[in-house]
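Structure data follow from protein_37.cif (mmCIF, C-alpha atoms):
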data_coords
#
loop_
_atom_site.label_atom_id
_atom_site.label_comp_id
_atom_site.auth_asym_id
_atom_site.auth_seq_id
_atom_site.Cartn_x
_atom_site.Cartn_y
_atom_site.Cartn_z
CA MET G 2 187.12 99.31 106.67
CA GLY G 3 190.10 98.15 104.62
CA ARG G 4 192.13 95.18 105.71
CA LEU G 5 195.22 97.20 106.65
CA LYS G 6 193.06 99.44 108.83
CA THR G 7 191.45 96.34 110.36
CA LEU G 8 194.90 95.00 111.23
CA ARG G 9 196.06 98.34 112.63
CA VAL G 10 193.01 98.56 114.90
CA TYR G 11 193.73 95.03 116.14
CA VAL G 12 197.41 95.81 116.78
CA GLU G 13 196.64 99.12 118.49
CA ASN G 14 194.18 97.35 120.81
CA GLU G 15 196.87 94.83 121.73
CA ILE G 16 199.52 97.49 122.28
CA ASN G 17 197.14 99.58 124.38
CA LYS G 18 197.02 96.70 126.87
CA MET G 19 200.63 97.50 127.80
CA THR G 20 200.69 99.21 131.18
CA ASN G 21 203.93 101.17 130.75
CA GLU G 22 203.09 104.32 128.79
CA ASP G 23 206.64 104.89 127.50
CA LYS G 24 206.91 101.31 126.23
CA ARG G 25 203.42 101.52 124.72
CA ASN G 26 204.27 104.74 122.87
CA SER G 27 207.62 103.35 121.74
CA ALA G 28 205.92 100.22 120.41
CA LEU G 29 203.41 102.21 118.37
CA VAL G 30 206.10 104.53 117.00
CA HIS G 31 208.23 101.55 115.98
CA LEU G 32 205.44 99.54 114.37
CA TYR G 33 204.08 102.51 112.44
CA GLY G 34 207.58 103.67 111.48
CA VAL G 35 208.57 100.26 110.16
CA SER G 36 205.20 99.98 108.42
CA LEU G 37 205.72 103.23 106.54
CA ALA G 38 209.28 102.30 105.59
CA ALA G 39 208.15 98.84 104.44
CA THR G 40 205.43 100.38 102.29
CA MET G 41 207.93 102.66 100.56
CA ILE G 42 210.59 99.98 100.08
CA ALA G 43 208.08 97.45 98.72
CA LYS G 44 206.64 100.01 96.30
CA LYS G 45 210.13 100.90 95.03
CA ARG G 46 211.01 97.22 94.56
CA GLY G 47 207.78 96.31 92.78
CA LEU G 48 206.35 94.26 95.65
CA ASP G 49 202.96 94.52 97.32
CA PRO G 50 203.15 97.53 99.67
CA GLU G 51 200.04 96.51 101.60
CA ILE G 52 201.45 93.07 102.44
CA ALA G 53 204.74 94.69 103.46
CA SER G 54 202.90 97.14 105.69
CA MET G 55 200.90 94.34 107.30
CA ALA G 56 204.06 92.33 108.02
CA ALA G 57 205.62 95.41 109.59
CA MET G 58 202.61 96.08 111.81
CA LEU G 59 202.89 92.55 113.22
CA HIS G 60 206.66 91.99 113.24
CA ASP G 61 207.41 92.77 116.91
CA LEU G 62 203.95 92.24 118.38
CA HIS G 63 204.97 89.03 120.15
CA ALA G 64 207.83 90.83 121.89
CA TYR G 65 205.55 93.63 123.01
CA LYS G 66 202.86 91.26 124.26
CA SER G 67 205.29 88.93 126.06
CA GLY G 68 207.80 91.52 127.22
CA SER G 69 210.63 89.40 125.79
CA TYR G 70 212.71 89.48 122.62
CA ASN G 71 213.85 85.86 123.10
CA ASP G 72 213.14 84.14 119.78
CA HIS G 73 210.63 86.91 119.06
CA ALA G 74 210.89 86.62 115.28
CA HIS G 75 209.98 82.93 115.17
CA LEU G 76 207.34 83.18 117.87
CA GLY G 77 206.06 86.37 116.24
CA ALA G 78 205.48 84.54 112.96
CA THR G 79 203.30 82.01 114.78
CA LEU G 80 201.34 84.78 116.48
CA ALA G 81 200.93 86.64 113.18
CA ARG G 82 199.50 83.51 111.52
CA GLU G 83 196.97 83.14 114.34
CA ILE G 84 195.95 86.81 114.08
CA LEU G 85 195.63 86.74 110.29
CA GLN G 86 193.54 83.56 110.45
CA GLU G 87 191.34 85.08 113.15
CA LEU G 88 190.81 88.29 111.17
CA GLY G 89 190.42 86.51 107.81
CA ILE G 90 191.99 89.41 105.91
CA THR G 91 194.63 87.56 103.86
CA ASN G 92 194.69 84.59 101.54
CA ASP G 93 197.09 81.67 102.11
CA ASP G 94 199.85 83.10 99.90
CA GLU G 95 199.69 86.52 101.57
CA THR G 96 199.73 84.92 105.02
CA GLU G 97 202.83 82.92 104.05
CA GLN G 98 204.62 86.04 102.77
CA ILE G 99 203.83 87.98 105.95
CA CYS G 100 204.78 85.15 108.30
CA SER G 101 207.99 84.39 106.41
CA ALA G 102 209.03 88.04 106.58
CA ILE G 103 208.37 88.12 110.33
CA TYR G 104 210.11 84.78 110.88
CA HIS G 105 213.29 86.02 109.14
CA HIS G 106 213.30 89.70 110.12
CA ASP G 107 215.87 89.35 112.88
CA ASP G 108 218.42 87.63 110.59
CA LYS G 109 219.92 90.89 109.31
CA LEU G 110 223.14 89.24 108.07
CA VAL G 111 221.33 86.67 105.89
CA ILE G 112 219.61 87.27 102.55
CA ASP G 113 216.14 85.72 102.29
CA GLY G 114 213.16 86.20 99.96
CA PRO G 115 212.17 89.58 98.54
CA MET G 116 209.40 90.35 101.07
CA ASP G 117 211.62 89.10 103.92
CA GLU G 118 214.24 91.59 102.79
CA VAL G 119 211.71 94.43 102.68
CA LEU G 120 210.83 93.89 106.34
CA LYS G 121 214.46 93.55 107.42
CA ASP G 122 215.36 96.74 105.57
CA ALA G 123 212.38 98.65 106.94
CA ASP G 124 213.31 97.56 110.47
CA VAL G 125 216.89 98.74 109.91
CA ILE G 126 215.74 102.09 108.48
CA HIS G 127 213.64 102.71 111.57
CA HIS G 128 216.35 101.56 113.99
CA CYS G 129 218.94 103.79 112.33
CA MET G 130 216.86 106.87 111.57
CA ASN G 131 214.43 107.08 114.49
CA ASP G 132 217.18 108.35 116.80
CA LEU G 133 220.16 109.70 114.88
CA SER G 134 222.18 110.13 118.10
CA LYS G 135 222.43 106.35 118.56
CA PRO G 136 225.25 104.45 116.85
CA ILE G 137 224.30 101.99 114.14
CA LYS G 138 224.51 98.36 115.30
CA ASP G 139 227.28 96.32 113.69
CA LYS G 140 224.80 93.76 112.35
CA GLU G 141 222.86 96.56 110.61
CA LYS G 142 225.71 98.67 109.17
CA ASP G 143 226.09 96.99 105.76
CA ARG G 144 222.34 96.78 105.24
CA TYR G 145 221.91 100.45 106.21
CA GLU G 146 224.68 101.54 103.82
CA HIS G 147 223.07 99.57 100.96
CA LEU G 148 219.71 101.19 101.73
CA CYS G 149 221.28 104.65 101.69
CA ASP G 150 222.76 103.86 98.26
CA GLU G 151 219.46 102.44 96.99
CA PHE G 152 217.57 105.55 98.04
CA GLY G 153 220.26 108.04 97.02
CA MET G 154 220.94 109.13 100.60
CA THR G 155 224.69 109.58 100.40
CA ASP G 156 226.67 111.87 102.67
#

Could you spell out this file's structure in structure tokens?
Amino acid sequence: MGRLKTLRVYVENEINKMTNEDKRNSALVHLYGVSLAATMIAKKRGLDPEIASMAAMLHDLHAYKSGSYNDHAHLGATLAREILQELGITNDDETEQICSAIYHHDDKLVIDGPMDEVLKDADVIHHCMNDLSKPIKDKEKDRYEHLCDEFGMTD
């Protein structure tokens, strides 16, 4: 089994522990949606799509496990490091890239490293395109507009 599949099995097992079916389904949809978007964005930008996908699969896991979004990005980076060390599927540099992306993913108004930006952008794509009836959050508007330009999705 490949390392991305190994991680997905781990994440799915954790998410399946959630007792609320709607929240469980929503969590899986979000993690897989952000993972797909991160893969595409990373590939387009010349970054490692597998590392981007792995970061996306882990980015909100702490929030789902704890039931709280309080400081979920920072706490999520710590959890991701523990999981990656337990699974032994990344080297030190890859672990740092993944954990940095998770640590910074909630800072949508700040520009960070290239992989950090991939995860932020993938998160925004999923937030904005998963339910087109919802208004775009103020903190995500500029980033979403830049992504639409980057991908040639103009009105």

Neighbour list for Ile90 of chain G as a list in words, cut-off 12 Å, only C-alpha atoms, skip fewer than 5 positions in-chain:
Met2, Gly3, Arg4, Leu5, Lys6, Thr7, Leu8, Arg9, Tyr11, Glu51, Ile52, Met55, Ala81, Arg82, Glu83, Ile84, Leu85, Glu95, Thr96 and Ile99 of chain G

Store the residues of this selection in a file with C-alpha atoms, as a PDB file, in the frame of the given file.
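After the write, result19.pdb holds the following:
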ATOM      1  CA  MET G   2     187.120  99.310 106.670  1.00  0.00           C
ATOM      2  CA  GLY G   3     190.100  98.150 104.620  1.00  0.00           C
ATOM      3  CA  ARG G   4     192.130  95.180 105.710  1.00  0.00           C
ATOM      4  CA  LEU G   5     195.220  97.200 106.650  1.00  0.00           C
ATOM      5  CA  LYS G   6     193.060  99.440 108.830  1.00  0.00           C
ATOM      6  CA  THR G   7     191.450  96.340 110.360  1.00  0.00           C
ATOM      7  CA  LEU G   8     194.900  95.000 111.230  1.00  0.00           C
ATOM      8  CA  ARG G   9     196.060  98.340 112.630  1.00  0.00           C
ATOM      9  CA  TYR G  11     193.730  95.030 116.140  1.00  0.00           C
ATOM     10  CA  GLU G  51     200.040  96.510 101.600  1.00  0.00           C
ATOM     11  CA  ILE G  52     201.450  93.070 102.440  1.00  0.00           C
ATOM     12  CA  MET G  55     200.900  94.340 107.300  1.00  0.00           C
ATOM     13  CA  ALA G  81     200.930  86.640 113.180  1.00  0.00           C
ATOM     14  CA  ARG G  82     199.500  83.510 111.520  1.00  0.00           C
ATOM     15  CA  GLU G  83     196.970  83.140 114.340  1.00  0.00           C
ATOM     16  CA  ILE G  84     195.950  86.810 114.080  1.00  0.00           C
ATOM     17  CA  LEU G  85     195.630  86.740 110.290  1.00  0.00           C
ATOM     18  CA  GLU G  95     199.690  86.520 101.570  1.00  0.00           C
ATOM     19  CA  THR G  96     199.730  84.920 105.020  1.00  0.00           C
ATOM     20  CA  ILE G  99     203.830  87.980 105.950  1.00  0.00           C
TER      21      ILE G  99
END

Show me, as CSV, the residues of segment 42-63 of chain G having an atom within 12 Å of segment 143-152 of chain G, each with the closest atom pair and its distance in Å, using all atoms listed in the file.
residue,atom,partner,partner_atom,distance
G:Ile42,CA,G:Phe152,CA,9.2
G:Lys45,CA,G:Phe152,CA,9.3
G:Arg46,CA,G:Glu151,CA,10.2

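Evaluated against this file, the PyMOL selection byres ((chain G and resi 56) around 8) yields Ser36, Ile52, Ala53, Ser54, Met55, Ala57, Met58, Leu59, His60, Ile99, Cys100, Ala102, Ile103 and Leu120 of chain G.
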
Nearest residue to Asn17 of chain G out of G:Leu29, G:Gly34, G:His106, G:Thr40, using only C-alpha atoms?
G:Leu29

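Picture a line from atom CA of Glu118 of chain G to atom CA of His75 of chain G; it runs 15.7 Å.
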
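Straight-line separation from atom CA of Ile137 of chain G to atom CA of Val125 of chain G: 9.1 Å.
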
Selection result for the PyMOL selection byres ((chain G and resi 63-72) around 12) on this file, as a PyMOL selection string
chain G and resi 12-21+24-29+31-32+58-62+73-84+103-108

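Here the question is which of G:Ala38, G:Asp113, G:Lys138, G:Tyr33 gets nearest to Ile126 of chain G using all atoms listed in the file, and that residue is G:Ala38.
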
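Between atom CA of Gln98 of chain G and atom CA of Gly153 of chain G lies a distance of 27.6 Å.
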
Taking all atoms of segment 40-59 of chain G that the file lists and extending 6 Å past them on each side, where is the centre of the axis-aligned box and how long are its edges? Answer in Å to one decimal, as AutoDock Vina command-line options.
--center_x 205.5 --center_y 97.5 --center_z 103.0 --size_x 23.0 --size_y 22.3 --size_z 32.4
